[in-house]
file coords-v6.cif (mmCIF, C-alpha atoms, pLDDT in the B column; chains and numbers go by the auth columns)
data_data
#
loop_
_atom_site.group_PDB
_atom_site.id
_atom_site.type_symbol
_atom_site.label_atom_id
_atom_site.label_comp_id
_atom_site.label_asym_id
_atom_site.label_seq_id
_atom_site.Cartn_x
_atom_site.Cartn_y
_atom_site.Cartn_z
_atom_site.B_iso_or_equiv
_atom_site.auth_seq_id
_atom_site.auth_asym_id
ATOM 1 C CA MET A 1 -106.238 -27.086 -34.213 91.00 1 A
ATOM 2 C CA LYS A 2 -109.457 -28.372 -35.689 97.00 2 A
ATOM 3 C CA VAL A 3 -110.059 -27.467 -39.337 97.00 3 A
ATOM 4 C CA LEU A 4 -113.553 -27.999 -40.724 98.00 4 A
ATOM 5 C CA GLY A 5 -114.256 -27.846 -44.440 98.00 5 A
ATOM 6 C CA ILE A 6 -117.883 -27.482 -45.523 98.00 6 A
ATOM 7 C CA SER A 7 -119.005 -27.637 -49.137 98.00 7 A
ATOM 8 C CA GLY A 8 -122.491 -26.225 -49.597 98.00 8 A
ATOM 9 C CA SER A 9 -122.871 -27.743 -53.037 97.00 9 A
ATOM 10 C CA VAL A 10 -125.644 -30.240 -53.713 95.00 10 A
ATOM 11 C CA ARG A 11 -123.129 -32.077 -55.912 96.00 11 A
ATOM 12 C CA PRO A 12 -121.042 -34.238 -53.575 95.00 12 A
ATOM 13 C CA GLU A 13 -118.086 -34.255 -55.991 95.00 13 A
ATOM 14 C CA GLY A 14 -118.652 -30.897 -57.682 96.00 14 A
ATOM 15 C CA ASN A 15 -116.364 -27.934 -58.210 98.00 15 A
ATOM 16 C CA THR A 16 -117.006 -26.394 -54.798 98.00 16 A
ATOM 17 C CA SER A 17 -116.131 -29.639 -53.037 98.00 17 A
ATOM 18 C CA ILE A 18 -112.939 -29.920 -55.113 98.00 18 A
ATOM 19 C CA LEU A 19 -111.685 -26.533 -53.870 98.00 19 A
ATOM 20 C CA VAL A 20 -112.774 -27.018 -50.251 98.00 20 A
ATOM 21 C CA LYS A 21 -111.152 -30.475 -50.147 98.00 21 A
ATOM 22 C CA ARG A 22 -108.005 -29.103 -51.767 98.00 22 A
ATOM 23 C CA VAL A 23 -107.512 -26.624 -48.922 98.00 23 A
ATOM 24 C CA VAL A 24 -108.391 -29.159 -46.208 98.00 24 A
ATOM 25 C CA ASP A 25 -106.268 -31.938 -47.746 97.00 25 A
ATOM 26 C CA TYR A 26 -103.243 -29.648 -48.103 97.00 26 A
ATOM 27 C CA ILE A 27 -103.491 -28.613 -44.452 97.00 27 A
ATOM 28 C CA GLU A 28 -103.807 -32.240 -43.406 95.00 28 A
ATOM 29 C CA ALA A 29 -100.819 -33.301 -45.511 95.00 29 A
ATOM 30 C CA GLU A 30 -98.529 -30.408 -44.560 94.00 30 A
ATOM 31 C CA GLY A 31 -99.691 -29.615 -41.045 85.00 31 A
ATOM 32 C CA CYS A 32 -98.043 -32.535 -39.264 72.00 32 A
ATOM 33 C CA ASP A 33 -99.731 -33.305 -35.940 78.00 33 A
ATOM 34 C CA GLU A 34 -100.937 -29.755 -35.314 81.00 34 A
ATOM 35 C CA PHE A 35 -104.196 -30.216 -37.228 91.00 35 A
ATOM 36 C CA ASN A 36 -107.290 -32.353 -36.961 95.00 36 A
ATOM 37 C CA THR A 37 -109.185 -31.959 -40.238 97.00 37 A
ATOM 38 C CA GLU A 38 -112.698 -32.875 -41.295 97.00 38 A
ATOM 39 C CA TYR A 39 -114.666 -32.372 -44.486 98.00 39 A
ATOM 40 C CA ILE A 40 -118.465 -32.251 -44.713 98.00 40 A
ATOM 41 C CA SER A 41 -120.619 -32.000 -47.822 98.00 41 A
ATOM 42 C CA LEU A 42 -124.093 -30.547 -47.438 98.00 42 A
ATOM 43 C CA ALA A 43 -125.171 -32.668 -50.422 97.00 43 A
ATOM 44 C CA GLY A 44 -127.956 -35.003 -49.383 97.00 44 A
ATOM 45 C CA LYS A 45 -128.384 -33.312 -46.005 98.00 45 A
ATOM 46 C CA LYS A 46 -131.746 -32.024 -44.852 98.00 46 A
ATOM 47 C CA ILE A 47 -131.280 -28.437 -43.745 98.00 47 A
ATOM 48 C CA SER A 48 -134.571 -26.604 -43.538 98.00 48 A
ATOM 49 C CA PRO A 49 -134.769 -22.832 -43.847 98.00 49 A
ATOM 50 C CA CYS A 50 -134.993 -20.667 -40.751 98.00 50 A
ATOM 51 C CA ILE A 51 -138.674 -20.107 -39.953 98.00 51 A
ATOM 52 C CA GLY A 52 -138.118 -16.922 -37.956 97.00 52 A
ATOM 53 C CA CYS A 53 -139.704 -18.349 -34.808 97.00 53 A
ATOM 54 C CA ASP A 54 -137.076 -16.628 -32.588 97.00 54 A
ATOM 55 C CA LYS A 55 -137.207 -19.530 -30.102 98.00 55 A
ATOM 56 C CA CYS A 56 -133.419 -19.725 -30.398 97.00 56 A
ATOM 57 C CA ARG A 57 -133.180 -16.524 -28.381 95.00 57 A
ATOM 58 C CA GLU A 58 -134.339 -18.545 -25.366 96.00 58 A
ATOM 59 C CA THR A 59 -132.888 -21.973 -26.171 96.00 59 A
ATOM 60 C CA LYS A 60 -129.570 -20.635 -27.571 94.00 60 A
ATOM 61 C CA TRP A 61 -129.860 -23.309 -30.265 97.00 61 A
ATOM 62 C CA CYS A 62 -132.078 -23.787 -33.310 98.00 62 A
ATOM 63 C CA VAL A 63 -135.207 -25.769 -32.382 97.00 63 A
ATOM 64 C CA LEU A 64 -135.746 -27.290 -35.844 98.00 64 A
ATOM 65 C CA ASP A 65 -134.868 -30.983 -36.051 97.00 65 A
ATOM 66 C CA ASP A 66 -132.796 -31.962 -39.081 98.00 66 A
ATOM 67 C CA ASP A 67 -129.168 -32.480 -40.153 98.00 67 A
ATOM 68 C CA TRP A 68 -128.153 -28.934 -39.207 98.00 68 A
ATOM 69 C CA ASP A 69 -127.615 -29.877 -35.538 97.00 69 A
ATOM 70 C CA ASP A 70 -124.766 -32.324 -36.165 98.00 70 A
ATOM 71 C CA ILE A 71 -122.987 -29.969 -38.554 98.00 71 A
ATOM 72 C CA ALA A 72 -123.432 -27.009 -36.202 98.00 72 A
ATOM 73 C CA GLU A 73 -121.870 -29.035 -33.358 98.00 73 A
ATOM 74 C CA LYS A 74 -118.795 -29.603 -35.536 98.00 74 A
ATOM 75 C CA LEU A 75 -118.786 -25.913 -36.455 98.00 75 A
ATOM 76 C CA MET A 76 -118.747 -25.016 -32.759 97.00 76 A
ATOM 77 C CA GLU A 77 -115.781 -27.348 -32.163 98.00 77 A
ATOM 78 C CA CYS A 78 -113.608 -26.093 -35.028 98.00 78 A
ATOM 79 C CA ASP A 79 -110.915 -23.450 -34.841 97.00 79 A
ATOM 80 C CA ILE A 80 -110.755 -22.799 -38.584 98.00 80 A
ATOM 81 C CA LEU A 81 -113.650 -23.037 -41.051 98.00 81 A
ATOM 82 C CA ILE A 82 -113.282 -23.480 -44.804 98.00 82 A
ATOM 83 C CA LEU A 83 -116.751 -22.719 -46.227 98.00 83 A
ATOM 84 C CA GLY A 84 -117.586 -22.989 -49.913 98.00 84 A
ATOM 85 C CA SER A 85 -120.669 -22.417 -52.028 98.00 85 A
ATOM 86 C CA PRO A 86 -121.492 -22.641 -55.701 98.00 86 A
ATOM 87 C CA THR A 87 -123.085 -19.588 -57.278 98.00 87 A
ATOM 88 C CA TYR A 88 -126.788 -19.817 -58.121 98.00 88 A
ATOM 89 C CA TYR A 89 -128.310 -16.672 -59.620 96.00 89 A
ATOM 90 C CA TYR A 90 -125.455 -14.416 -58.454 97.00 90 A
ATOM 91 C CA ASP A 91 -125.380 -15.635 -54.852 98.00 91 A
ATOM 92 C CA VAL A 92 -124.903 -18.674 -52.601 98.00 92 A
ATOM 93 C CA ASN A 93 -127.090 -21.679 -53.328 98.00 93 A
ATOM 94 C CA GLY A 94 -130.152 -22.462 -51.203 98.00 94 A
ATOM 95 C CA GLN A 95 -128.535 -25.248 -49.168 98.00 95 A
ATOM 96 C CA THR A 96 -125.694 -22.970 -48.083 98.00 96 A
ATOM 97 C CA LYS A 97 -128.094 -20.110 -47.371 98.00 97 A
ATOM 98 C CA ASN A 98 -130.255 -22.339 -45.171 98.00 98 A
ATOM 99 C CA PHE A 99 -127.149 -23.418 -43.264 98.00 99 A
ATOM 100 C CA ILE A 100 -126.030 -19.800 -42.788 98.00 100 A
ATOM 101 C CA ASP A 101 -129.474 -18.541 -41.768 98.00 101 A
ATOM 102 C CA ARG A 102 -129.814 -21.231 -39.114 98.00 102 A
ATOM 103 C CA THR A 103 -126.591 -20.038 -37.446 98.00 103 A
ATOM 104 C CA TYR A 104 -128.630 -17.077 -36.229 97.00 104 A
ATOM 105 C CA SER A 105 -129.226 -19.269 -33.185 97.00 105 A
ATOM 106 C CA LEU A 106 -125.476 -19.130 -32.464 97.00 106 A
ATOM 107 C CA PHE A 107 -125.259 -15.374 -32.969 96.00 107 A
ATOM 108 C CA HIS A 108 -127.026 -14.283 -29.766 94.00 108 A
ATOM 109 C CA ASP A 109 -124.133 -15.339 -27.538 96.00 109 A
ATOM 110 C CA ARG A 110 -121.422 -14.901 -30.209 97.00 110 A
ATOM 111 C CA LYS A 111 -120.679 -18.632 -30.081 97.00 111 A
ATOM 112 C CA LEU A 112 -118.521 -18.515 -33.234 98.00 112 A
ATOM 113 C CA ALA A 113 -116.539 -15.363 -32.412 98.00 113 A
ATOM 114 C CA GLY A 114 -112.771 -15.770 -32.417 97.00 114 A
ATOM 115 C CA LYS A 115 -112.640 -18.642 -34.889 98.00 115 A
ATOM 116 C CA TYR A 116 -110.970 -18.190 -38.287 98.00 116 A
ATOM 117 C CA ALA A 117 -112.416 -18.654 -41.764 98.00 117 A
ATOM 118 C CA VAL A 118 -111.663 -18.987 -45.451 98.00 118 A
ATOM 119 C CA VAL A 119 -114.519 -18.656 -47.945 98.00 119 A
ATOM 120 C CA ILE A 120 -114.761 -20.208 -51.394 98.00 120 A
ATOM 121 C CA SER A 121 -117.076 -19.442 -54.288 98.00 121 A
ATOM 122 C CA VAL A 122 -117.435 -21.155 -57.638 98.00 122 A
ATOM 123 C CA CYS A 123 -119.398 -19.797 -60.576 98.00 123 A
ATOM 124 C CA ALA A 124 -119.858 -20.884 -64.174 97.00 124 A
ATOM 125 C CA ASP A 125 -119.399 -17.412 -65.603 94.00 125 A
ATOM 126 C CA ARG A 126 -120.451 -14.489 -63.386 95.00 126 A
ATOM 127 C CA GLY A 127 -121.779 -13.779 -59.894 96.00 127 A
ATOM 128 C CA GLY A 128 -118.987 -15.308 -57.835 97.00 128 A
ATOM 129 C CA GLU A 129 -118.149 -11.935 -56.274 98.00 129 A
ATOM 130 C CA ARG A 130 -121.603 -11.672 -54.749 98.00 130 A
ATOM 131 C CA THR A 131 -121.348 -15.236 -53.453 98.00 131 A
ATOM 132 C CA LEU A 132 -118.085 -14.255 -51.781 98.00 132 A
ATOM 133 C CA ALA A 133 -119.761 -11.159 -50.340 98.00 133 A
ATOM 134 C CA THR A 134 -122.517 -13.273 -48.769 98.00 134 A
ATOM 135 C CA LEU A 135 -119.996 -15.728 -47.311 98.00 135 A
ATOM 136 C CA GLU A 136 -117.843 -12.853 -46.064 98.00 136 A
ATOM 137 C CA GLY A 137 -120.953 -11.296 -44.497 98.00 137 A
ATOM 138 C CA PHE A 138 -121.544 -14.549 -42.628 98.00 138 A
ATOM 139 C CA VAL A 139 -118.004 -14.750 -41.228 98.00 139 A
ATOM 140 C CA ASN A 140 -117.901 -11.032 -40.396 98.00 140 A
ATOM 141 C CA THR A 141 -121.265 -11.143 -38.609 98.00 141 A
ATOM 142 C CA HIS A 142 -120.098 -14.039 -36.457 98.00 142 A
ATOM 143 C CA GLU A 143 -116.767 -12.281 -35.784 98.00 143 A
ATOM 144 C CA PHE A 144 -114.491 -14.857 -37.390 98.00 144 A
ATOM 145 C CA GLY A 145 -110.947 -13.804 -38.154 97.00 145 A
ATOM 146 C CA TYR A 146 -110.891 -13.659 -41.954 95.00 146 A
ATOM 147 C CA ILE A 147 -107.939 -15.483 -43.517 96.00 147 A
ATOM 148 C CA GLY A 148 -108.846 -15.180 -47.188 96.00 148 A
ATOM 149 C CA TYR A 149 -110.896 -16.426 -50.097 98.00 149 A
ATOM 150 C CA VAL A 150 -110.783 -18.518 -53.248 98.00 150 A
ATOM 151 C CA ALA A 151 -112.904 -17.684 -56.305 98.00 151 A
ATOM 152 C CA GLY A 152 -113.144 -20.402 -58.927 98.00 152 A
ATOM 153 C CA LYS A 153 -114.832 -20.889 -62.279 98.00 153 A
ATOM 154 C CA GLY A 154 -116.366 -24.063 -63.606 97.00 154 A
ATOM 155 C CA ALA A 155 -119.756 -25.323 -64.744 96.00 155 A
ATOM 156 C CA ALA A 156 -119.542 -29.093 -65.208 96.00 156 A
ATOM 157 C CA ALA A 157 -118.184 -31.161 -62.323 93.00 157 A
ATOM 158 C CA GLY A 158 -114.394 -31.039 -62.389 97.00 158 A
ATOM 159 C CA ASP A 159 -114.112 -27.929 -64.583 98.00 159 A
ATOM 160 C CA VAL A 160 -112.605 -25.910 -61.737 98.00 160 A
ATOM 161 C CA ARG A 161 -109.424 -27.992 -62.061 98.00 161 A
ATOM 162 C CA LYS A 162 -108.783 -26.034 -65.295 98.00 162 A
ATOM 163 C CA ASP A 163 -108.914 -22.743 -63.359 98.00 163 A
ATOM 164 C CA GLU A 164 -105.202 -22.378 -62.623 98.00 164 A
ATOM 165 C CA SER A 165 -105.718 -19.231 -60.577 98.00 165 A
ATOM 166 C CA ALA A 166 -108.247 -20.872 -58.224 98.00 166 A
ATOM 167 C CA MET A 167 -106.153 -24.006 -57.870 98.00 167 A
ATOM 168 C CA ALA A 168 -103.099 -21.916 -56.945 98.00 168 A
ATOM 169 C CA LYS A 169 -105.101 -19.647 -54.616 98.00 169 A
ATOM 170 C CA SER A 170 -106.461 -22.671 -52.723 98.00 170 A
ATOM 171 C CA ILE A 171 -102.902 -23.736 -51.884 98.00 171 A
ATOM 172 C CA GLU A 172 -101.977 -20.144 -51.012 98.00 172 A
ATOM 173 C CA VAL A 173 -104.768 -19.833 -48.416 98.00 173 A
ATOM 174 C CA ALA A 174 -103.892 -23.261 -47.009 97.00 174 A
ATOM 175 C CA GLU A 175 -100.269 -22.127 -46.615 96.00 175 A
ATOM 176 C CA ASN A 176 -101.473 -18.923 -44.938 95.00 176 A
ATOM 177 C CA ILE A 177 -103.328 -21.056 -42.398 95.00 177 A
ATOM 178 C CA LEU A 178 -100.226 -23.148 -41.757 95.00 178 A
ATOM 179 C CA LYS A 179 -98.097 -20.011 -41.304 93.00 179 A
ATOM 180 C CA MET A 180 -100.651 -18.398 -39.011 91.00 180 A
ATOM 181 C CA VAL A 181 -100.859 -21.463 -36.774 87.00 181 A
ATOM 182 C CA SER A 182 -97.084 -21.903 -36.763 83.00 182 A
ATOM 183 C CA ARG A 183 -96.617 -18.253 -35.776 78.00 183 A
ATOM 184 C CA THR A 184 -99.280 -18.518 -33.050 69.00 184 A
ATOM 185 C CA HIS A 185 -97.728 -21.735 -31.738 63.00 185 A
ATOM 186 C CA ARG A 186 -94.238 -20.204 -31.780 56.00 186 A
ATOM 187 C CA ASP A 187 -95.437 -17.023 -30.016 65.00 187 A
ATOM 188 C CA GLY A 188 -97.273 -19.124 -27.431 59.00 188 A
ATOM 189 C CA LYS A 189 -94.075 -21.012 -26.590 52.00 189 A
ATOM 190 C CA ARG A 190 -92.193 -17.730 -26.130 45.00 190 A
ATOM 191 C CA LYS A 191 -94.717 -16.545 -23.547 51.00 191 A
ATOM 192 C CA GLN A 192 -94.353 -19.704 -21.419 48.00 192 A
#

call {"tool": "encode", "arguments": {"input": "coords-v6.cif", "output": "structure tokens"}}
result
Amino acid sequence: MKVLGISGSVRPEGNTSILVKRVVDYIEAEGCDEFNTEYISLAGKKISPCIGCDKCRETKWCVLDDDWDDIAEKLMECDILILGSPTYYYDVNGQTKNFIDRTYSLFHDRKLAGKYAVVISVCADRGGERTLATLEGFVNTHEFGYIGYVAGKGAAAGDVRKDESAMAKSIEVAENILKMVSRTHRDGKRKQ
């Protein structure tokens, strides 16, 4: 099982990355040999916005040339996605939105359908629910199986560690992933 964690924050060590890494690291530590984990930060990556050219309908891949391609390849290879975004003006930040919009090129042939996802939002005060709604819209549109979410609060880098609820919820969703995979693996052995 390949688990891919993506933090959409432009802060490489910000609150969003803390929660995404917490889920990924827990799975890696507790998942024995069943998991191959990877973490990617969108900080410092060049991900241009979708230009609406619709060429991806023919090519089945976005024709823009930037860092999106490499990340999208890893997205295609994963079984479980942990996707997080900070909240900017009551929604996902621009870097995350660009990443999501560019996956339109994968939508035509439902290339992400059947994978699983957890979404994570972090806000300073308010708006995290709408960020979650946007992330949930992304995973629902691409027909991911939805495992759960984490909603955290924190403004300055590291503040989310004080959010006991978010810290606990991040472990809870990681454990749900471990249970789901264990159950699937166990059921698969019974069928053989």

call {"tool": "atom_distance", "arguments": {"input": "coords-v6.cif", "atom1": "atom CA of A:Lys169", "atom2": "atom CA of A:His142"}}
result
24.2 Å

call {"tool": "closest_atom_pairs", "arguments": {"input": "coords-v6.cif", "of": "stretch 24-56 of chain A", "to": "stretch 104-128 of chain A", "cutoff": "9 Å", "atoms": "only C-alpha atoms", "output": "tab-separated table"}}
result
residue	atom	partner	partner_atom	distance
A:Cys50	CA	A:Tyr104	CA	8.6
A:Asp54	CA	A:Ser105	CA	8.3
A:Lys55	CA	A:Ser105	CA	8.6
A:Cys56	CA	A:Ser105	CA	5.1

call {"tool": "residues_around", "arguments": {"input": "coords-v6.cif", "residues": "stretch 17-30 of chain A", "least_positions_apart": "5", "cutoff": "10 Å", "atoms": "all atoms listed in the file", "output": "ChimeraX atom specification"}}
result
/A:3-12,35-43,81-86,118-122,150-152,157-161,166-167,169-178

call {"tool": "atom_distance", "arguments": {"input": "coords-v6.cif", "atom1": "atom CA of A:Thr131", "atom2": "atom CA of A:Val92"}}
result
5.0 Å

call {"tool": "atom_distance", "arguments": {"input": "coords-v6.cif", "atom1": "atom CA of A:Ile47", "atom2": "atom CA of A:Phe99"}}
result
6.5 Å

call {"tool": "residues_around", "arguments": {"input": "coords-v6.cif", "residues": "A:Asp70", "least_positions_apart": "3", "cutoff": "12 Å", "atoms": "only C-alpha atoms", "output": "JSON, numbers by chain"}}
result
{"A": [40, 42, 45, 46, 47, 61, 62, 65, 66, 67, 73, 74, 75, 76, 77, 99]}

call {"tool": "closest_residue", "arguments": {"input": "coords-v6.cif", "among": "A:Glu58, A:Asp163, A:Asp79, A:Asp101", "to": "A:Phe138", "atoms": "all atoms listed in the file"}}
result
A:Asp101
